[in-house]
$ cat run-v1.txt   # compact mmCIF, C-alpha atoms
# COMPACT_ATOMS: atom_id res chain seq x y z
CA ALA A 20 -12.87 16.97 -15.32
CA GLN A 21 -15.80 15.51 -13.48
CA LYS A 22 -15.62 14.25 -9.94
CA ILE A 23 -17.94 12.28 -7.68
CA THR A 24 -17.54 12.33 -3.89
CA GLN A 25 -19.13 9.84 -1.54
CA THR A 26 -18.16 10.76 2.01
CA GLN A 27 -19.55 7.71 3.79
CA PRO A 28 -17.20 4.71 3.43
CA GLY A 29 -19.55 2.53 5.48
CA MET A 30 -22.96 2.67 7.15
CA PHE A 31 -24.83 0.43 9.59
CA VAL A 32 -28.61 0.76 9.56
CA GLN A 33 -31.38 -1.10 11.35
CA GLU A 34 -33.76 -3.08 9.18
CA LYS A 35 -36.91 -1.15 8.16
CA GLU A 36 -35.29 2.25 8.73
CA ALA A 37 -34.82 4.71 5.89
CA VAL A 38 -31.27 5.25 4.59
CA THR A 39 -29.70 8.26 2.92
CA LEU A 40 -26.47 7.75 1.00
CA ASP A 41 -24.63 10.96 0.20
CA CYS A 42 -23.23 11.95 -3.16
CA THR A 43 -21.84 15.27 -4.33
CA TYR A 44 -20.51 15.97 -7.80
CA ASP A 45 -18.46 18.51 -9.64
CA THR A 46 -18.83 19.33 -13.32
CA SER A 47 -18.71 22.25 -15.71
CA ASP A 48 -21.20 20.59 -18.08
CA GLN A 49 -24.78 21.86 -18.28
CA SER A 50 -26.15 18.53 -19.46
CA TYR A 51 -25.31 15.46 -17.45
CA GLY A 52 -26.80 12.39 -15.88
CA LEU A 53 -26.53 11.05 -12.35
CA PHE A 54 -26.83 7.36 -11.56
CA TRP A 55 -26.84 5.06 -8.60
CA TYR A 56 -25.67 1.46 -8.75
CA LYS A 57 -25.77 -1.37 -6.25
CA GLN A 58 -22.97 -3.92 -6.13
CA PRO A 59 -23.64 -7.00 -3.96
CA SER A 60 -20.77 -9.18 -2.81
CA SER A 61 -21.20 -11.29 -5.96
CA GLY A 62 -19.85 -8.34 -7.96
CA GLU A 63 -22.49 -7.48 -10.53
CA MET A 64 -23.38 -3.81 -10.92
CA ILE A 65 -27.12 -3.27 -10.69
CA PHE A 66 -28.61 -0.04 -12.02
CA LEU A 67 -30.99 1.53 -9.49
CA ILE A 68 -32.00 5.02 -10.51
CA TYR A 69 -31.23 7.87 -12.91
CA GLN A 70 -31.60 11.66 -12.69
CA GLY A 71 -31.08 13.97 -15.65
CA SER A 72 -29.66 17.41 -14.99
CA TYR A 73 -32.70 19.07 -16.53
CA ASP A 74 -35.25 16.94 -14.71
CA GLU A 75 -37.23 19.12 -12.32
CA GLN A 76 -38.77 16.24 -10.41
CA ASN A 77 -36.72 13.96 -8.19
CA ALA A 78 -36.46 10.48 -9.67
CA THR A 79 -38.17 7.59 -7.90
CA GLU A 80 -38.03 3.82 -8.51
CA GLY A 81 -39.92 1.73 -6.00
CA ARG A 82 -38.17 2.07 -2.62
CA TYR A 83 -35.42 4.20 -4.17
CA SER A 84 -35.56 7.93 -4.61
CA LEU A 85 -32.94 10.45 -5.59
CA ASN A 86 -32.80 13.72 -3.69
CA PHE A 87 -31.44 16.00 -6.40
CA GLN A 88 -30.29 19.46 -5.30
CA LYS A 89 -28.73 21.02 -8.36
CA ALA A 90 -27.51 24.23 -6.72
CA ARG A 91 -25.70 22.20 -4.08
CA LYS A 92 -24.51 19.68 -6.67
CA SER A 93 -25.77 16.80 -4.60
CA ALA A 94 -27.63 13.65 -5.61
CA ASN A 95 -28.32 11.63 -2.49
CA LEU A 96 -29.94 8.20 -2.70
CA VAL A 97 -32.77 7.48 -0.28
CA ILE A 98 -33.82 3.90 0.41
CA SER A 99 -37.10 3.63 2.27
CA ALA A 100 -37.91 0.73 4.59
CA SER A 101 -34.51 -0.94 4.30
CA GLN A 102 -34.28 -4.71 3.96
CA LEU A 103 -31.51 -7.19 4.73
CA GLY A 104 -31.04 -7.69 1.00
CA ASP A 105 -30.09 -4.03 0.64
CA SER A 106 -26.70 -4.78 2.18
CA ALA A 107 -24.17 -4.03 -0.56
CA MET A 108 -21.79 -1.42 -1.96
CA TYR A 109 -23.54 1.56 -3.48
CA PHE A 110 -21.91 3.72 -6.11
CA CYS A 111 -22.89 7.15 -7.32
CA ALA A 112 -21.88 7.87 -10.91
CA MET A 113 -22.07 10.66 -13.45
CA SER A 114 -22.16 10.67 -17.21
CA ASP A 115 -19.21 12.33 -18.88
CA ASN A 116 -19.84 14.30 -22.06
CA SER A 117 -16.15 14.59 -22.89
CA GLY A 118 -16.30 11.27 -24.72
CA GLY A 119 -17.92 12.61 -27.88
CA GLY A 120 -21.28 11.05 -27.19
CA ALA A 121 -20.35 7.73 -25.61
CA ASP A 122 -20.58 9.07 -22.07
CA GLY A 123 -18.43 6.84 -19.95
CA LEU A 124 -19.37 7.08 -16.32
CA THR A 125 -17.28 8.64 -13.57
CA PHE A 126 -17.78 6.71 -10.33
CA GLY A 127 -17.41 7.60 -6.70
CA LYS A 128 -15.52 5.34 -4.31
CA GLY A 129 -18.72 3.86 -2.94
CA THR A 130 -20.51 3.38 0.37
CA HIS A 131 -20.68 -0.01 2.02
CA LEU A 132 -24.18 -0.33 3.48
CA ILE A 133 -24.90 -3.02 6.05
CA ILE A 134 -28.49 -3.59 7.17
CA GLN A 135 -28.78 -5.09 10.62
CA PRO A 136 -31.76 -7.19 11.79
CA SER B 10 -35.38 -7.72 -23.43
CA GLN B 11 -31.71 -6.89 -23.58
CA THR B 12 -29.03 -9.05 -22.04
CA ILE B 13 -25.28 -8.75 -21.78
CA HIS B 14 -22.97 -11.73 -21.53
CA GLN B 15 -19.41 -11.58 -20.35
CA TRP B 16 -16.91 -14.41 -20.01
CA PRO B 17 -15.04 -15.97 -18.43
CA ALA B 18 -16.23 -15.26 -14.88
CA THR B 19 -12.79 -15.84 -13.40
CA LEU B 20 -9.35 -16.12 -14.94
CA VAL B 21 -5.89 -16.78 -13.55
CA GLN B 22 -3.04 -15.93 -15.88
CA PRO B 23 0.76 -15.80 -15.57
CA VAL B 24 2.64 -12.55 -16.09
CA GLY B 25 3.52 -12.06 -19.73
CA SER B 26 0.69 -14.19 -21.09
CA PRO B 27 -1.94 -12.85 -23.53
CA LEU B 28 -5.52 -11.97 -22.61
CA SER B 29 -8.86 -12.00 -24.35
CA LEU B 30 -12.11 -11.15 -22.58
CA GLU B 31 -15.32 -11.18 -24.56
CA CYS B 32 -18.59 -9.36 -24.13
CA THR B 33 -21.75 -9.66 -26.23
CA VAL B 34 -25.08 -7.88 -26.06
CA GLU B 35 -28.41 -9.29 -27.20
CA GLY B 36 -31.76 -7.66 -27.85
CA THR B 37 -30.59 -4.27 -29.08
CA SER B 38 -28.69 -2.80 -32.01
CA ASN B 39 -25.91 -0.22 -32.24
CA PRO B 40 -25.35 0.02 -28.49
CA ASN B 41 -22.60 2.07 -26.90
CA LEU B 42 -20.17 -0.40 -25.33
CA TYR B 43 -17.76 0.07 -22.45
CA TRP B 44 -14.97 -1.71 -20.58
CA TYR B 45 -14.33 -0.78 -16.95
CA ARG B 46 -11.84 -2.04 -14.36
CA GLN B 47 -12.46 -2.09 -10.64
CA ALA B 48 -9.56 -2.39 -8.22
CA ALA B 49 -10.31 -4.09 -4.89
CA GLY B 50 -12.56 -1.92 -2.71
CA ARG B 51 -12.71 0.89 -5.26
CA GLY B 52 -15.06 2.41 -7.80
CA LEU B 53 -14.93 1.65 -11.49
CA GLN B 54 -12.47 3.19 -13.91
CA LEU B 55 -13.43 3.55 -17.57
CA LEU B 56 -10.90 1.87 -19.87
CA PHE B 57 -12.47 1.92 -23.34
CA TYR B 58 -15.71 2.90 -25.03
CA SER B 59 -17.14 2.36 -28.47
CA ILE B 60 -20.00 4.00 -30.35
CA GLY B 61 -19.81 1.68 -33.35
CA ILE B 62 -18.04 -1.15 -35.15
CA GLY B 63 -14.31 -0.51 -35.31
CA GLN B 64 -14.62 2.74 -33.32
CA ILE B 65 -12.68 2.52 -30.07
CA SER B 66 -11.66 5.28 -27.71
CA SER B 67 -9.29 4.85 -24.81
CA GLU B 68 -9.58 6.77 -21.58
CA VAL B 69 -6.29 5.86 -19.93
CA PRO B 70 -2.88 4.79 -21.24
CA GLN B 71 -2.39 1.16 -20.43
CA ASN B 72 -1.27 -2.28 -21.40
CA LEU B 73 -4.67 -3.24 -22.78
CA SER B 74 -6.50 -2.81 -26.06
CA ALA B 75 -10.10 -3.21 -27.19
CA SER B 76 -11.81 -4.16 -30.40
CA ARG B 77 -15.37 -4.21 -31.71
CA PRO B 78 -15.47 -6.61 -34.65
CA GLN B 79 -19.28 -6.81 -34.68
CA ASP B 80 -22.07 -4.46 -33.62
CA ARG B 81 -22.78 -6.26 -30.36
CA GLN B 82 -19.37 -7.73 -29.57
CA PHE B 83 -16.65 -6.02 -27.54
CA ILE B 84 -13.30 -7.63 -26.79
CA LEU B 85 -10.64 -6.64 -24.29
CA SER B 86 -7.13 -7.87 -25.06
CA SER B 87 -3.53 -7.76 -24.02
CA LYS B 88 -0.42 -9.17 -25.66
CA LYS B 89 1.52 -9.44 -22.39
CA LEU B 90 -0.16 -9.17 -19.01
CA LEU B 91 1.40 -7.28 -16.11
CA LEU B 92 0.82 -7.82 -12.40
CA SER B 93 -0.94 -4.46 -12.31
CA ASP B 94 -3.57 -5.75 -14.75
CA SER B 95 -5.19 -7.77 -11.97
CA GLY B 96 -8.71 -6.65 -11.13
CA PHE B 97 -12.38 -7.00 -11.79
CA TYR B 98 -13.32 -6.20 -15.39
CA LEU B 99 -16.82 -5.18 -16.30
CA CYS B 100 -18.41 -4.72 -19.68
CA ALA B 101 -21.44 -2.46 -20.07
CA TRP B 102 -23.81 -1.19 -22.73
CA SER B 103 -26.12 1.79 -23.08
CA ARG B 104 -28.56 3.17 -25.65
CA GLY B 105 -26.79 6.51 -25.89
CA SER B 106 -25.79 9.71 -24.20
CA ASN B 107 -26.82 10.16 -20.56
CA GLN B 108 -28.58 6.80 -20.59
CA PRO B 109 -28.20 4.16 -17.89
CA GLN B 110 -25.39 1.70 -18.48
CA HIS B 111 -26.14 -1.96 -17.91
CA PHE B 112 -23.34 -4.21 -16.79
CA GLY B 113 -22.31 -7.78 -17.33
CA ASP B 114 -21.44 -10.03 -14.41
CA GLY B 115 -17.74 -9.22 -14.66
CA THR B 116 -14.47 -11.15 -14.92
CA ARG B 117 -12.15 -11.51 -11.95
CA LEU B 118 -8.62 -11.53 -13.39
CA SER B 119 -5.70 -12.61 -11.25
CA ILE B 120 -2.15 -12.33 -12.54
CA LEU B 121 0.47 -14.59 -10.97
$ encode --input "run-v1.txt" --output "structure tokens"
Amino acid sequence: AQKITQTQPGMFVQEKEAVTLDCTYDTSDQSYGLFWYKQPSSGEMIFLIYQGSYDEQNATEGRYSLNFQKARKSANLVISASQLGDSAMYFCAMSDNSGGGADGLTFGKGTHLIIQP
Amino acid sequence: SQTIHQWPATLVQPVGSPLSLECTVEGTSNPNLYWYRQAAGRGLQLLFYSIGIGQISSEVPQNLSASRPQDRQFILSSKKLLLSDSGFYLCAWSRGSNQPQHFGDGTRLSIL
């Protein structure tokens, strides 16, 4: 079974600083996907970034980048130049190949990020 | 562009009453569809997924069921709600394996 671990329940960061949110995973699959989602207080889940297990380059999307270290089984999210609007819950997730192709996601418990002015 | 609609946004139901939550996707065909539940302060738990019309797989034994009567429609149901069914329910779609899943705005379900 797959497992996602996010060890930081909460983080306080000063505005404009860079933030690293930790995520480690456990899987016996060779092919998998890693995802980060943002969930503001309103509840919607917003897709941020994706990293495939065979991708050699770290994924980047605007201010978001994913620090993928396959040997360590880690997929940390880096947010550069944090903004007040970045305050939210952040979830790391992994695609699950046990579903016969539908790939439901396994989620971590999340990190509550608060950006301070 | 693709959009996903989920309703209602909030729902308060008595114990033992039936449930029907609906989710529809626009702008794509033959999507994979998913239902998740999120308990307060927790991550999401996959409940059901579907790779096609009438094809439903369940991840956890529970009081709920799902149906996919049309390609882009996914329904979550229960005949008799339990207190433990309270939570935040999210529908999602994806293009296929290892592809990002895109979520609806969710339904907050409270059971009294």
$ interface_residues --input "run-v1.txt" --of "chain B" --to "chain A" --cutoff "6 Å" --atoms "all atoms listed in the file" --output "list in words"
Arg51, Gly52, Leu53, Ser106, Asn107, Phe112 and Asp114 of chain B
$ closest_residue --input "run-v1.txt" --among "A:Glu34, A:Asp41, A:Asp74, A:Asp48" --to "Asn95 in chain A" --atoms "only C-alpha atoms"
A:Asp41
$ residues_around --input "run-v1.txt" --residues "range 31-38 of chain B" --least-positions-apart "4" --cutoff "6 Å" --atoms "only C-alpha atoms" --output "ChimeraX atom specification"
/B:10-16,81-84
$ residues_around --input "run-v1.txt" --residues "range 81-93 of chain A" --least-positions-apart "2" --cutoff "7 Å" --atoms "all atoms listed in the file" --output "PyMOL selection string"
chain A and resi 42-45+77-79+95-99
$ residues_around --input "run-v1.txt" --residues "Leu132 in chain A" --least-positions-apart "4" --cutoff "7 Å" --atoms "only C-alpha atoms" --output "JSON, numbers by chain"
{"A": [29, 30, 31, 106, 107, 108]}
$ atom_distance --input "run-v1.txt" --atom1 "CA of Arg77 in chain B" --atom2 "CA of Ile60 in chain B"
9.5 Å
$ atom_distance --input "run-v1.txt" --atom1 "CA of Tyr98 in chain B" --atom2 "CA of Ser67 in chain B"
15.1 Å
$ closest_residue --input "run-v1.txt" --among "B:Ala101, B:Leu91, B:Leu28, B:Ala18" --to "Asn41 in chain B" --atoms "only C-alpha atoms"
B:Ala101
$ residues_around --input "run-v1.txt" --residues "Glu68 in chain B" --least-positions-apart "2" --cutoff "8 Å" --atoms "all atoms listed in the file" --output "PyMOL selection string"
chain B and resi 55-57+66+70
$ atom_distance --input "run-v1.txt" --atom1 "CA of Pro78 in chain B" --atom2 "CA of Pro23 in chain B"
26.7 Å
$ closest_residue --input "run-v1.txt" --among "A:Ser60, A:Ile133, A:Glu80, A:Ala100" --to "Pro28 in chain A" --atoms "only C-alpha atoms"
A:Ile133
$ decode --input "run-v1.txt" --residues "chain A" --atoms "C-alpha atoms" --output "CSV table (one decimal), in the first residue's frame"
chain,number,residue,atom,x,y,z
A,20,ALA,CA,0.0,0.0,0.0
A,21,GLN,CA,1.1,3.5,-0.7
A,22,LYS,CA,1.7,6.1,2.0
A,23,ILE,CA,2.3,9.8,2.1
A,24,THR,CA,3.9,11.5,5.1
A,25,GLN,CA,3.8,15.2,5.7
A,26,THR,CA,5.7,15.9,9.0
A,27,GLN,CA,4.9,19.6,9.3
A,28,PRO,CA,1.3,20.1,10.7
A,29,GLY,CA,1.7,23.9,10.6
A,30,MET,CA,4.2,26.5,9.5
A,31,PHE,CA,4.5,30.3,10.0
A,32,VAL,CA,6.5,32.2,7.3
A,33,GLN,CA,7.2,35.8,6.7
A,34,GLU,CA,5.8,37.3,3.5
A,35,LYS,CA,8.3,37.3,0.6
A,36,GLU,CA,10.4,34.4,2.1
A,37,ALA,CA,10.7,31.1,0.4
A,38,VAL,CA,8.9,28.1,1.9
A,39,THR,CA,9.6,24.4,1.7
A,40,LEU,CA,6.9,22.0,2.5
A,41,ASP,CA,8.1,18.4,3.2
A,42,CYS,CA,6.6,15.3,1.7
A,43,THR,CA,7.9,11.7,1.8
A,44,TYR,CA,6.3,8.8,0.2
A,45,ASP,CA,6.4,5.0,0.2
A,46,THR,CA,5.5,2.8,-2.7
A,47,SER,CA,6.6,-0.4,-4.4
A,48,ASP,CA,5.4,0.8,-7.8
A,49,GLN,CA,7.9,1.8,-10.4
A,50,SER,CA,5.5,4.2,-12.2
A,51,TYR,CA,3.7,6.8,-10.1
A,52,GLY,CA,2.8,10.4,-10.0
A,53,LEU,CA,3.3,12.9,-7.2
A,54,PHE,CA,1.0,15.9,-6.8
A,55,TRP,CA,0.6,19.0,-4.6
A,56,TYR,CA,-2.7,20.6,-3.9
A,57,LYS,CA,-3.7,23.8,-2.1
A,58,GLN,CA,-6.9,24.0,-0.1
A,59,PRO,CA,-7.9,27.5,1.0
A,60,SER,CA,-10.4,27.9,3.9
A,61,SER,CA,-13.2,27.9,1.3
A,62,GLY,CA,-12.5,24.2,0.8
A,63,GLU,CA,-11.8,23.8,-2.9
A,64,MET,CA,-8.8,21.7,-3.9
A,65,ILE,CA,-6.5,23.5,-6.3
A,66,PHE,CA,-4.0,21.5,-8.3
A,67,LEU,CA,-0.5,23.1,-8.1
A,68,ILE,CA,2.1,20.9,-9.6
A,69,TYR,CA,2.8,17.3,-10.8
A,70,GLN,CA,6.0,15.2,-11.0
A,71,GLY,CA,6.1,11.8,-12.8
A,72,SER,CA,8.4,9.1,-11.3
A,73,TYR,CA,10.3,8.9,-14.6
A,74,ASP,CA,10.7,12.7,-15.0
A,75,GLU,CA,14.4,13.6,-14.6
A,76,GLN,CA,13.8,17.3,-14.3
A,77,ASN,CA,12.2,18.8,-11.3
A,78,ALA,CA,8.7,20.2,-12.1
A,79,THR,CA,8.2,23.9,-12.0
A,80,GLU,CA,5.0,26.0,-12.3
A,81,GLY,CA,5.4,29.7,-11.7
A,82,ARG,CA,6.4,30.3,-8.1
A,83,TYR,CA,6.0,26.6,-7.3
A,84,SER,CA,8.7,24.0,-7.8
A,85,LEU,CA,8.9,20.4,-6.7
A,86,ASN,CA,12.2,19.1,-5.3
A,87,PHE,CA,12.0,15.5,-6.3
A,88,GLN,CA,14.6,13.2,-4.8
A,89,LYS,CA,13.7,9.7,-5.9
A,90,ALA,CA,16.3,7.8,-3.9
A,91,ARG,CA,15.1,9.5,-0.7
A,92,LYS,CA,11.5,9.1,-1.8
A,93,SER,CA,10.8,12.8,-1.1
A,94,ALA,CA,8.8,15.3,-3.1
A,95,ASN,CA,9.1,18.7,-1.3
A,96,LEU,CA,7.1,21.7,-2.5
A,97,VAL,CA,9.0,25.0,-2.7
A,98,ILE,CA,7.1,28.2,-2.9
A,99,SER,CA,9.3,31.2,-3.8
A,100,ALA,CA,8.6,34.7,-2.7
A,101,SER,CA,5.6,33.8,-0.5
A,102,GLN,CA,2.5,36.0,-0.6
A,103,LEU,CA,-0.4,36.5,1.9
A,104,GLY,CA,-2.7,34.6,-0.5
A,105,ASP,CA,-0.5,31.5,-0.1
A,106,SER,CA,-2.0,30.9,3.4
A,107,ALA,CA,-3.8,27.6,3.1
A,108,MET,CA,-3.6,23.9,3.7
A,109,TYR,CA,-1.2,22.1,1.4
A,110,PHE,CA,-1.6,18.4,0.6
A,111,CYS,CA,0.9,16.1,-1.0
A,112,ALA,CA,-0.6,13.2,-2.9
A,113,MET,CA,0.4,10.2,-4.9
A,114,SER,CA,-1.3,8.3,-7.7
A,115,ASP,CA,-2.2,4.7,-6.9
A,116,ASN,CA,-1.8,2.1,-9.7
A,117,SER,CA,-3.7,-0.5,-7.7
A,118,GLY,CA,-7.0,0.8,-9.1
A,119,GLY,CA,-6.7,-0.9,-12.5
A,120,GLY,CA,-6.0,2.4,-14.3
A,121,ALA,CA,-8.2,4.9,-12.5
A,122,ASP,CA,-5.4,5.9,-10.1
A,123,GLY,CA,-7.2,7.3,-7.1
A,124,LEU,CA,-4.9,9.5,-5.1
A,125,THR,CA,-3.4,8.8,-1.7
A,126,PHE,CA,-3.2,12.0,0.3
A,127,GLY,CA,-1.0,13.1,3.2
A,128,LYS,CA,-2.5,14.8,6.3
A,129,GLY,CA,-1.5,18.2,5.1
A,130,THR,CA,0.5,21.2,6.2
A,131,HIS,CA,-1.3,24.4,7.3
A,132,LEU,CA,0.8,27.3,6.0
A,133,ILE,CA,0.3,30.8,7.4
A,134,ILE,CA,2.0,33.7,5.7
A,135,GLN,CA,2.6,36.6,8.0
A,136,PRO,CA,3.0,40.2,6.9
